[in-house]
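For reference, start.cif (mmCIF, C-alpha atoms):
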data_input
loop_
_atom_site.label_atom_id
_atom_site.label_comp_id
_atom_site.auth_asym_id
_atom_site.auth_seq_id
_atom_site.Cartn_x
_atom_site.Cartn_y
_atom_site.Cartn_z
CA MET A 1 7.81 -11.26 35.14
CA ASN A 2 4.59 -12.21 36.92
CA PRO A 3 5.37 -15.07 39.36
CA LEU A 4 1.68 -16.03 39.52
CA PRO A 5 0.40 -15.72 35.95
CA HIS A 6 -2.56 -18.07 36.35
CA LEU A 7 -4.82 -18.63 39.38
CA ALA A 8 -7.84 -20.91 39.66
CA VAL A 9 -10.69 -20.99 42.18
CA ALA A 10 -13.19 -23.81 42.63
CA THR A 11 -16.74 -22.85 43.56
CA ASP A 12 -20.00 -24.67 44.25
CA PHE A 13 -21.84 -21.34 44.72
CA SER A 14 -21.96 -21.79 48.50
CA ALA A 15 -21.16 -18.98 50.96
CA PRO A 16 -17.75 -20.47 51.92
CA ALA A 17 -16.90 -20.82 48.23
CA ARG A 18 -17.78 -17.14 47.68
CA LEU A 19 -15.11 -16.24 50.27
CA ALA A 20 -12.64 -18.20 48.16
CA VAL A 21 -13.74 -16.40 44.99
CA ASP A 22 -13.31 -12.99 46.64
CA ARG A 23 -9.81 -13.91 47.89
CA ALA A 24 -8.80 -15.32 44.49
CA TRP A 25 -10.07 -12.19 42.76
CA LEU A 26 -8.06 -9.96 45.12
CA LEU A 27 -4.90 -11.98 44.50
CA ALA A 28 -5.45 -11.96 40.73
CA ALA A 29 -5.96 -8.19 40.76
CA ARG A 30 -2.85 -7.54 42.87
CA HIS A 31 -0.64 -9.80 40.75
CA GLY A 32 -2.16 -9.12 37.34
CA SER A 33 -2.98 -12.83 37.06
CA ARG A 34 -5.41 -14.57 34.78
CA LEU A 35 -8.18 -16.15 36.86
CA THR A 36 -10.23 -19.25 36.08
CA LEU A 37 -13.41 -19.92 38.04
CA LEU A 38 -14.21 -23.64 38.09
CA HIS A 39 -17.53 -25.28 38.87
CA ALA A 40 -17.89 -29.07 38.89
CA LEU A 41 -21.43 -29.95 37.84
CA GLY A 42 -21.34 -33.50 39.18
CA LEU A 43 -23.44 -35.12 36.47
CA ASP A 44 -21.97 -38.45 37.57
CA VAL A 45 -24.71 -38.66 40.20
CA LEU A 46 -27.29 -39.05 37.42
CA ALA A 47 -25.59 -42.14 35.98
CA PRO A 48 -27.74 -44.70 37.90
CA TRP A 49 -30.86 -43.13 36.35
CA ARG A 50 -29.52 -42.97 32.82
CA ALA A 51 -31.54 -45.94 31.62
CA LEU A 52 -34.69 -44.65 33.31
CA LEU A 53 -34.28 -41.16 31.86
CA SER A 54 -33.54 -42.62 28.41
CA GLU A 55 -33.45 -39.89 25.73
CA ARG A 56 -34.12 -37.22 28.36
CA TYR A 57 -30.73 -37.92 29.99
CA ALA A 58 -28.69 -35.96 27.43
CA ALA A 59 -31.20 -33.10 27.39
CA LEU A 60 -31.20 -32.87 31.19
CA GLY A 61 -27.40 -32.87 31.30
CA SER A 62 -27.23 -30.13 28.67
CA SER A 63 -29.83 -28.06 30.51
CA LEU A 64 -27.98 -28.37 33.84
CA HIS A 65 -24.69 -27.47 32.18
CA THR A 66 -26.21 -24.36 30.56
CA GLU A 67 -27.79 -23.30 33.84
CA ALA A 68 -24.50 -23.72 35.74
CA GLN A 69 -22.58 -21.80 33.08
CA GLY A 70 -25.03 -18.93 33.34
CA GLN A 71 -24.76 -18.92 37.13
CA LEU A 72 -20.96 -18.93 36.94
CA ASP A 73 -20.91 -16.12 34.34
CA ALA A 74 -23.22 -14.09 36.59
CA LEU A 75 -20.86 -14.64 39.53
CA VAL A 76 -17.93 -13.34 37.49
CA ALA A 77 -19.92 -10.24 36.51
CA GLU A 78 -21.03 -9.66 40.11
CA VAL A 79 -17.53 -9.87 41.57
CA ALA A 80 -16.11 -7.71 38.77
CA ALA A 81 -18.75 -5.02 39.40
CA ALA A 82 -17.87 -4.93 43.10
CA SER A 83 -14.13 -4.63 42.47
CA PRO A 84 -12.19 -1.38 41.95
CA PRO A 85 -12.13 -0.45 38.24
CA ALA A 86 -8.42 0.27 38.55
CA LEU A 87 -7.76 -3.42 39.28
CA PRO A 88 -9.37 -5.34 36.41
CA VAL A 89 -9.11 -9.13 36.31
CA ASP A 90 -8.94 -11.30 33.22
CA ALA A 91 -11.44 -13.96 34.36
CA GLN A 92 -13.02 -16.92 32.62
CA ALA A 93 -15.74 -19.30 33.82
CA VAL A 94 -15.36 -23.04 33.22
CA VAL A 95 -17.98 -25.70 34.01
CA GLN A 96 -16.80 -29.30 34.36
CA ASP A 97 -19.33 -32.11 34.15
CA GLY A 98 -17.78 -34.50 36.70
CA LEU A 99 -17.49 -34.52 40.48
CA ALA A 100 -15.18 -31.87 41.95
CA GLY A 101 -12.93 -34.31 43.80
CA TRP A 102 -11.81 -35.79 40.49
CA THR A 103 -12.44 -33.26 37.74
CA VAL A 104 -10.83 -30.27 39.44
CA PRO A 105 -7.49 -32.06 40.12
CA ASP A 106 -7.60 -33.36 36.53
CA TRP A 107 -8.15 -29.82 35.26
CA VAL A 108 -5.29 -28.55 37.44
CA ARG A 109 -2.92 -31.16 36.03
CA ALA A 110 -3.96 -30.32 32.48
CA HIS A 111 -3.76 -26.52 32.78
CA ALA A 112 -1.08 -26.10 35.49
CA PRO A 113 -2.32 -23.01 37.38
CA ASP A 114 0.10 -21.52 39.88
CA LEU A 115 -2.42 -21.63 42.73
CA LEU A 116 -5.78 -23.27 43.42
CA VAL A 117 -8.11 -21.45 45.85
CA VAL A 118 -10.96 -23.29 47.61
CA GLY A 119 -13.44 -22.65 50.40
CA ALA A 120 -13.22 -24.42 53.74
CA ARG A 121 -16.65 -26.03 53.39
CA GLY A 122 -19.01 -26.67 50.55
CA SER A 123 -22.73 -26.56 50.06
CA SER A 124 -23.05 -29.96 51.74
CA GLY A 125 -22.62 -28.20 55.09
CA PHE A 126 -19.90 -30.46 56.52
CA LYS A 127 -18.29 -28.68 59.43
CA ARG A 128 -15.18 -30.86 59.47
CA TRP A 129 -12.98 -31.82 56.57
CA VAL A 130 -13.16 -35.60 56.61
CA LEU A 131 -11.42 -38.16 54.45
CA GLY A 132 -13.41 -38.47 51.24
CA SER A 133 -14.87 -34.95 51.30
CA THR A 134 -14.48 -32.87 48.14
CA ALA A 135 -12.19 -30.28 49.72
CA SER A 136 -9.95 -32.89 51.33
CA LYS A 137 -9.61 -34.67 47.99
CA LEU A 138 -8.62 -31.41 46.33
CA LEU A 139 -5.87 -30.91 48.89
CA ARG A 140 -4.58 -34.47 48.63
CA LYS A 141 -4.72 -34.73 44.86
CA SER A 142 -3.82 -31.24 43.68
CA ALA A 143 -0.57 -30.83 41.75
CA CYS A 144 -0.25 -27.14 42.66
CA PRO A 145 -0.36 -25.12 45.90
CA VAL A 146 -3.83 -24.90 47.46
CA LEU A 147 -5.11 -21.93 49.45
CA VAL A 148 -7.99 -22.88 51.77
CA VAL A 149 -9.97 -19.75 52.59
CA LYS A 150 -11.69 -19.37 55.95
CA SER A 151 -11.47 -15.63 56.58
CA ALA A 152 -14.66 -13.69 55.93
CA GLU A 153 -12.75 -10.64 54.67
CA ALA A 154 -10.58 -10.58 51.56
CA LYS A 155 -7.93 -8.18 52.81
CA PRO A 156 -4.17 -8.28 52.26
CA TYR A 157 -2.54 -10.62 54.76
CA ARG A 158 -0.79 -8.92 57.69
CA ARG A 159 1.19 -11.80 59.25
CA ALA A 160 2.04 -15.24 57.86
CA VAL A 161 3.12 -18.18 60.04
CA VAL A 162 5.18 -20.61 57.95
CA ALA A 163 5.82 -24.12 59.32
CA VAL A 164 9.13 -25.49 58.03
CA ASP A 165 10.76 -28.88 58.37
CA PHE A 166 13.81 -28.31 56.13
CA SER A 167 12.42 -30.49 53.35
CA VAL A 168 12.33 -29.36 49.72
CA ALA A 169 8.81 -28.02 50.30
CA SER A 170 9.98 -25.66 53.07
CA ALA A 171 11.81 -23.25 50.77
CA ARG A 172 8.86 -23.22 48.39
CA SER A 173 6.51 -22.54 51.33
CA ILE A 174 8.46 -19.41 52.30
CA GLU A 175 8.56 -18.22 48.70
CA MET A 176 4.82 -18.71 48.26
CA ALA A 177 4.14 -16.89 51.55
CA ARG A 178 6.13 -13.91 50.30
CA LEU A 179 4.26 -13.96 46.99
CA LEU A 180 0.77 -14.08 48.51
CA ALA A 181 1.59 -11.79 51.42
CA PRO A 182 4.39 -9.45 50.28
CA GLU A 183 3.56 -6.84 52.91
CA ALA A 184 3.00 -9.25 55.79
CA ASP A 185 5.27 -9.94 58.74
CA LEU A 186 6.85 -13.36 58.39
CA VAL A 187 7.05 -15.89 61.23
CA LEU A 188 9.09 -19.02 60.53
CA LEU A 189 8.38 -21.94 62.87
CA HIS A 190 10.25 -25.23 63.13
CA ALA A 191 8.57 -27.66 65.51
CA TYR A 192 10.60 -30.72 66.41
CA GLU A 193 10.25 -33.73 68.64
CA VAL A 194 13.22 -35.62 70.09
CA PRO A 195 12.80 -39.22 68.89
CA PHE A 196 12.99 -42.12 71.35
CA GLU A 197 13.30 -39.82 74.37
CA GLY A 198 11.02 -42.02 76.45
CA LYS A 199 12.77 -45.19 75.35
CA MET A 200 16.19 -43.70 76.15
CA ALA A 201 15.05 -42.91 79.70
CA PHE A 202 13.58 -46.40 80.06
CA ALA A 203 16.89 -47.87 78.85
CA GLY A 204 18.74 -46.07 81.62
CA VAL A 205 20.23 -43.20 79.64
CA SER A 206 21.03 -40.38 82.07
CA GLN A 207 18.82 -37.30 82.20
CA GLU A 208 21.87 -35.10 81.61
CA LEU A 209 22.66 -36.95 78.38
CA ILE A 210 19.02 -36.66 77.26
CA ARG A 211 19.06 -32.92 78.04
CA GLN A 212 22.24 -32.56 76.00
CA TYR A 213 20.58 -34.44 73.15
CA ARG A 214 17.66 -32.00 73.30
CA ARG A 215 20.00 -28.98 73.38
CA ASP A 216 21.86 -30.31 70.35
CA ALA A 217 18.58 -30.83 68.47
CA HIS A 218 17.52 -27.26 69.26
CA GLU A 219 20.85 -25.74 68.23
CA GLN A 220 20.83 -27.70 65.01
CA GLY A 221 17.30 -26.47 64.29
CA VAL A 222 18.28 -22.85 64.88
CA GLN A 223 21.24 -23.16 62.54
CA ARG A 224 19.24 -24.89 59.81
CA LEU A 225 16.44 -22.33 60.09
CA ALA A 226 18.91 -19.49 59.52
CA GLU A 227 20.42 -21.34 56.57
CA LEU A 228 16.99 -21.98 55.07
CA ALA A 229 15.99 -18.33 55.41
CA ALA A 230 19.23 -17.18 53.80
CA SER A 231 18.78 -19.64 50.93
CA VAL A 232 15.53 -17.91 49.89
CA GLY A 233 16.98 -14.42 50.22
CA LEU A 234 15.74 -13.48 53.69
CA ARG A 235 17.86 -11.32 55.94
CA PRO A 236 17.61 -11.57 59.77
CA GLY A 237 15.33 -8.53 59.96
CA ASP A 238 12.94 -9.91 57.35
CA TYR A 239 11.45 -12.56 59.63
CA VAL A 240 11.11 -13.83 63.17
CA GLY A 241 12.21 -17.43 63.69
CA PHE A 242 11.19 -19.96 66.33
CA VAL A 243 12.57 -23.45 66.95
CA VAL A 244 10.38 -25.18 69.52
CA GLU A 245 10.13 -28.73 70.84
CA GLY A 246 6.66 -30.22 70.98
CA ASP A 247 3.68 -31.46 69.01
CA PRO A 248 3.86 -29.78 65.55
CA ALA A 249 0.13 -29.25 65.07
CA SER A 250 -0.33 -27.74 68.54
CA LEU A 251 2.64 -25.43 68.07
CA VAL A 252 1.48 -24.22 64.66
CA LEU A 253 -1.94 -23.37 66.10
CA GLN A 254 -0.44 -21.76 69.22
CA HIS A 255 1.96 -19.56 67.25
CA GLN A 256 -0.80 -18.49 64.89
CA GLU A 257 -2.79 -17.26 67.86
CA LEU A 258 0.23 -15.84 69.71
CA HIS A 259 1.35 -13.78 66.72
CA ARG A 260 -2.17 -13.09 65.43
CA GLY A 261 -1.34 -14.59 62.08
CA ASP A 262 -4.00 -14.42 59.40
CA LEU A 263 -2.28 -16.95 57.12
CA ILE A 264 -0.71 -20.33 57.91
CA VAL A 265 1.61 -21.93 55.36
CA MET A 266 2.55 -25.60 55.41
CA GLY A 267 4.29 -27.96 52.99
CA LYS A 268 3.08 -31.22 51.48
CA HIS A 269 5.44 -33.70 49.88
CA GLY A 270 4.83 -35.69 46.73
CA THR A 271 1.72 -37.05 45.07
CA HIS A 272 2.28 -40.73 45.74
CA VAL A 273 -0.23 -43.36 46.81
CA THR A 274 0.00 -42.85 50.57
CA GLU A 275 -1.04 -39.22 50.23
CA GLU A 276 -4.05 -40.27 48.19
CA LEU A 277 -5.17 -42.17 51.29
CA LEU A 278 -4.21 -39.71 54.04
CA LEU A 279 -3.75 -35.96 53.93
CA GLY A 280 -1.55 -36.04 57.02
CA SER A 281 -2.51 -35.72 60.66
CA VAL A 282 -0.66 -32.44 61.25
CA THR A 283 -2.14 -30.65 58.23
CA GLN A 284 -5.56 -32.18 58.87
CA ARG A 285 -5.64 -31.03 62.49
CA VAL A 286 -4.47 -27.51 61.64
CA LEU A 287 -7.06 -27.36 58.89
CA ASP A 288 -9.81 -28.51 61.23
CA GLU A 289 -8.98 -26.19 64.11
CA THR A 290 -7.65 -22.96 62.65
CA GLN A 291 -9.96 -20.05 61.86
CA VAL A 292 -7.57 -18.40 59.39
CA ASP A 293 -6.58 -19.17 55.81
CA LEU A 294 -4.26 -22.12 55.20
CA LEU A 295 -1.88 -22.42 52.26
CA VAL A 296 -0.69 -25.96 51.53
CA VAL A 297 2.34 -25.89 49.25
CA VAL A 298 2.87 -28.96 47.10
CA GLU A 299 6.34 -30.09 46.10
CA PRO A 300 5.40 -32.96 43.74
CA HIS A 301 8.94 -33.77 42.68
CA GLY A 302 10.58 -33.45 46.06
CA PRO A 303 12.44 -36.39 47.63
CA ASP A 304 10.84 -38.66 50.16
CA VAL A 305 12.24 -36.96 53.26
CA PRO A 306 11.00 -36.62 56.87
CA SER A 307 8.34 -33.97 57.25
CA LEU A 308 5.90 -32.52 59.74
CA GLU A 309 3.50 -35.30 58.77
CA PRO A 310 3.91 -38.30 61.10
#
Translate this structure into structure tokens?
Amino acid sequence: MNPLPHLAVATDFSAPARLAVDRAWLLAARHGSRLTLLHALGLDVLAPWRALLSERYAALGSSLHTEAQGQLDALVAEVAAASPPALPVDAQAVVQDGLAGWTVPDWVRAHAPDLLVVGARGSSGFKRWVLGSTASKLLRKSACPVLVVKSAEAKPYRRAVVAVDFSVASARSIEMARLLAPEADLVLLHAYEVPFEGKMAFAGVSQELIRQYRRDAHEQGVQRLAELAASVGLRPGDYVGFVVEGDPASLVLQHQELHRGDLIVMGKHGTHVTEELLLGSVTQRVLDETQVDLLVVVEPHGPDVPSLEP
């Protein structure tokens, strides 16, 4: 049974979006998945001029839609022609009339793809992903895992760094990493911070007791990491595990560079109101600073448990 029967990729025809299309096509070919290419036309921006355009408004909208559909169909044909004939992809092109930040998540909820692939930047040229940008909205609002593509080459992943926090999303993150990168080396990283360490010292708690508290936290992390790996079917030789104290975002970035990972995997919990307002400082920083692809795994029905996101 195909674990990834349906993939979707959002494109605005920019160069970064083309990287996402190439990666999505490779994944669809390798997994035998159906692939939907989505383009959000953004006709909403014409609304203020609707009265001025009068009867020409509908004609203009229809013309723009037809033009975008032709451009999207041509993109499908171009990518198909450049792909190995032995790996055909069942691809369809869909044009949505609204803005991407709203219509793409709505489409995802309605059609339930197993993965949404997007580029790191759009045609607007923003270098950073800021709150309110189209890509950031897709990450915050998507009801399925989102792969953010930054790599210029669509090659099979060689090494995946998976950040885990023992929440419900952690197991799913490992499983998705193995699906997208079945041949890659797997690095599991648990970054932890000892809470109230400074306040304990200020309150007169001895340094030896604080050190013992830190040792206990580390040992507990090591044990839970082994249990988590075993729960998803990993044997000790299938992965390399690290339990490290420190700032989670910094450690994720450091371990990606240290192990030369070409894929980072992180979890995201829930789809409640707070996540509509803030993607999360850890994920946001990793997204801003990494140069490799980032997979954000959504666990929409998971419990409200502590995570990497402060």
For this file, the PyMOL selection byres ((chain A and resi 252) around 10) selects which residues, as a PDB file with C-alpha atoms, keeping the file's coordinate frame?
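What ended up in result.pdb:
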ATOM      1  CA  VAL A 161       3.120 -18.180  60.040  1.00  0.00           C
ATOM      2  CA  VAL A 162       5.180 -20.610  57.950  1.00  0.00           C
ATOM      3  CA  ALA A 163       5.820 -24.120  59.320  1.00  0.00           C
ATOM      4  CA  LEU A 189       8.380 -21.940  62.870  1.00  0.00           C
ATOM      5  CA  HIS A 190      10.250 -25.230  63.130  1.00  0.00           C
ATOM      6  CA  ALA A 191       8.570 -27.660  65.510  1.00  0.00           C
ATOM      7  CA  ASP A 247       3.680 -31.460  69.010  1.00  0.00           C
ATOM      8  CA  PRO A 248       3.860 -29.780  65.550  1.00  0.00           C
ATOM      9  CA  ALA A 249       0.130 -29.250  65.070  1.00  0.00           C
ATOM     10  CA  SER A 250      -0.330 -27.740  68.540  1.00  0.00           C
ATOM     11  CA  LEU A 251       2.640 -25.430  68.070  1.00  0.00           C
ATOM     12  CA  LEU A 253      -1.940 -23.370  66.100  1.00  0.00           C
ATOM     13  CA  GLN A 254      -0.440 -21.760  69.220  1.00  0.00           C
ATOM     14  CA  HIS A 255       1.960 -19.560  67.250  1.00  0.00           C
ATOM     15  CA  GLN A 256      -0.800 -18.490  64.890  1.00  0.00           C
ATOM     16  CA  GLU A 257      -2.790 -17.260  67.860  1.00  0.00           C
ATOM     17  CA  LEU A 258       0.230 -15.840  69.710  1.00  0.00           C
ATOM     18  CA  ILE A 264      -0.710 -20.330  57.910  1.00  0.00           C
ATOM     19  CA  VAL A 265       1.610 -21.930  55.360  1.00  0.00           C
ATOM     20  CA  MET A 266       2.550 -25.600  55.410  1.00  0.00           C
ATOM     21  CA  VAL A 282      -0.660 -32.440  61.250  1.00  0.00           C
ATOM     22  CA  THR A 283      -2.140 -30.650  58.230  1.00  0.00           C
ATOM     23  CA  VAL A 286      -4.470 -27.510  61.640  1.00  0.00           C
ATOM     24  CA  THR A 290      -7.650 -22.960  62.650  1.00  0.00           C
TER      25      THR A 290
END
> When distances are computed from all atoms listed in the file, which of A:Leu188, A:Leu41, A:Ala24, A:Val292 shows the smallest separation from Trp102 of chain A?
Replying inline: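 Counting all atoms listed in the file, the residue closest to Trp102 of chain A is A:Leu41.
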> Rounded to one decimal in Å, what is the spacing between atom CA of Leu263 of chain A and atom CA of Arg159 of chain A?
Replying inline: 6.6 Å
> Suppose you want the space between atom CA of Gln223 of chain A and atom CA of Asp185 of chain A; what is it in Å?
Replying inline: 21.1 Å
>> Could you tell me how far atom CA of His39 of chain A sits from atom CA of Asp90 of chain A, in Å to one decimal place?
In response: 17.4 Å
Take the structure in the block and write a file for segment 236-258 of chain A, N, CA and C atoms, as a PDB file, in the first residue's frame.
ATOM      1  N   PRO A 236      18.680   0.043  17.264  1.00  0.00           N
ATOM      2  CA  PRO A 236      19.802   0.935  17.593  1.00  0.00           C
ATOM      3  C   PRO A 236      20.689   1.283  16.408  1.00  0.00           C
ATOM      4  N   GLY A 237      20.908   0.353  15.484  1.00  0.00           N
ATOM      5  CA  GLY A 237      21.766   0.639  14.341  1.00  0.00           C
ATOM      6  C   GLY A 237      21.102   1.423  13.232  1.00  0.00           C
ATOM      7  N   ASP A 238      19.805   1.696  13.381  1.00  0.00           N
ATOM      8  CA  ASP A 238      19.071   2.403  12.324  1.00  0.00           C
ATOM      9  C   ASP A 238      19.186   3.923  12.435  1.00  0.00           C
ATOM     10  N   TYR A 239      19.738   4.398  13.528  1.00  0.00           N
ATOM     11  CA  TYR A 239      19.783   5.848  13.748  1.00  0.00           C
ATOM     12  C   TYR A 239      20.922   6.185  14.695  1.00  0.00           C
ATOM     13  N   VAL A 240      21.248   7.472  14.741  1.00  0.00           N
ATOM     14  CA  VAL A 240      22.177   8.001  15.733  1.00  0.00           C
ATOM     15  C   VAL A 240      21.396   8.992  16.575  1.00  0.00           C
ATOM     16  N   GLY A 241      21.433   8.844  17.893  1.00  0.00           N
ATOM     17  CA  GLY A 241      20.649   9.698  18.770  1.00  0.00           C
ATOM     18  C   GLY A 241      21.504  10.649  19.587  1.00  0.00           C
ATOM     19  N   PHE A 242      20.992  11.855  19.801  1.00  0.00           N
ATOM     20  CA  PHE A 242      21.682  12.856  20.607  1.00  0.00           C
ATOM     21  C   PHE A 242      20.685  13.497  21.562  1.00  0.00           C
ATOM     22  N   VAL A 243      21.060  13.610  22.813  1.00  0.00           N
ATOM     23  CA  VAL A 243      20.269  14.322  23.820  1.00  0.00           C
ATOM     24  C   VAL A 243      21.179  15.407  24.363  1.00  0.00           C
ATOM     25  N   VAL A 244      20.851  16.662  24.075  1.00  0.00           N
ATOM     26  CA  VAL A 244      21.773  17.766  24.343  1.00  0.00           C
ATOM     27  C   VAL A 244      21.027  18.899  25.033  1.00  0.00           C
ATOM     28  N   GLU A 245      21.668  19.475  26.047  1.00  0.00           N
ATOM     29  CA  GLU A 245      21.084  20.625  26.737  1.00  0.00           C
ATOM     30  C   GLU A 245      21.456  21.901  25.996  1.00  0.00           C
ATOM     31  N   GLY A 246      20.496  22.782  25.820  1.00  0.00           N
ATOM     32  CA  GLY A 246      20.774  24.063  25.188  1.00  0.00           C
ATOM     33  C   GLY A 246      19.588  24.585  24.415  1.00  0.00           C
ATOM     34  N   ASP A 247      19.808  25.694  23.733  1.00  0.00           N
ATOM     35  CA  ASP A 247      18.757  26.332  22.949  1.00  0.00           C
ATOM     36  C   ASP A 247      18.363  25.429  21.788  1.00  0.00           C
ATOM     37  N   PRO A 248      17.076  25.033  21.681  1.00  0.00           N
ATOM     38  CA  PRO A 248      16.669  24.065  20.654  1.00  0.00           C
ATOM     39  C   PRO A 248      16.986  24.506  19.228  1.00  0.00           C
ATOM     40  N   ALA A 249      16.671  25.745  18.879  1.00  0.00           N
ATOM     41  CA  ALA A 249      16.904  26.192  17.506  1.00  0.00           C
ATOM     42  C   ALA A 249      18.389  26.142  17.157  1.00  0.00           C
ATOM     43  N   SER A 250      19.226  26.631  18.064  1.00  0.00           N
ATOM     44  CA  SER A 250      20.675  26.621  17.811  1.00  0.00           C
ATOM     45  C   SER A 250      21.194  25.204  17.639  1.00  0.00           C
ATOM     46  N   LEU A 251      20.702  24.284  18.472  1.00  0.00           N
ATOM     47  CA  LEU A 251      21.183  22.907  18.404  1.00  0.00           C
ATOM     48  C   LEU A 251      20.718  22.203  17.136  1.00  0.00           C
ATOM     49  N   VAL A 252      19.496  22.464  16.704  1.00  0.00           N
ATOM     50  CA  VAL A 252      19.022  21.883  15.446  1.00  0.00           C
ATOM     51  C   VAL A 252      19.910  22.345  14.299  1.00  0.00           C
ATOM     52  N   LEU A 253      20.195  23.639  14.237  1.00  0.00           N
ATOM     53  CA  LEU A 253      21.029  24.183  13.167  1.00  0.00           C
ATOM     54  C   LEU A 253      22.457  23.651  13.250  1.00  0.00           C
ATOM     55  N   GLN A 254      22.997  23.557  14.479  1.00  0.00           N
ATOM     56  CA  GLN A 254      24.359  23.060  14.647  1.00  0.00           C
ATOM     57  C   GLN A 254      24.481  21.601  14.212  1.00  0.00           C
ATOM     58  N   HIS A 255      23.506  20.773  14.598  1.00  0.00           N
ATOM     59  CA  HIS A 255      23.581  19.359  14.253  1.00  0.00           C
ATOM     60  C   HIS A 255      23.342  19.128  12.765  1.00  0.00           C
ATOM     61  N   GLN A 256      22.555  19.985  12.147  1.00  0.00           N
ATOM     62  CA  GLN A 256      22.410  19.876  10.692  1.00  0.00           C
ATOM     63  C   GLN A 256      23.747  20.111  10.008  1.00  0.00           C
ATOM     64  N   GLU A 257      24.469  21.120  10.459  1.00  0.00           N
ATOM     65  CA  GLU A 257      25.771  21.401   9.859  1.00  0.00           C
ATOM     66  C   GLU A 257      26.790  20.331  10.240  1.00  0.00           C
ATOM     67  N   LEU A 258      26.800  19.924  11.501  1.00  0.00           N
ATOM     68  CA  LEU A 258      27.769  18.941  11.978  1.00  0.00           C
ATOM     69  C   LEU A 258      27.650  17.623  11.224  1.00  0.00           C
TER      70      LEU A 258
END
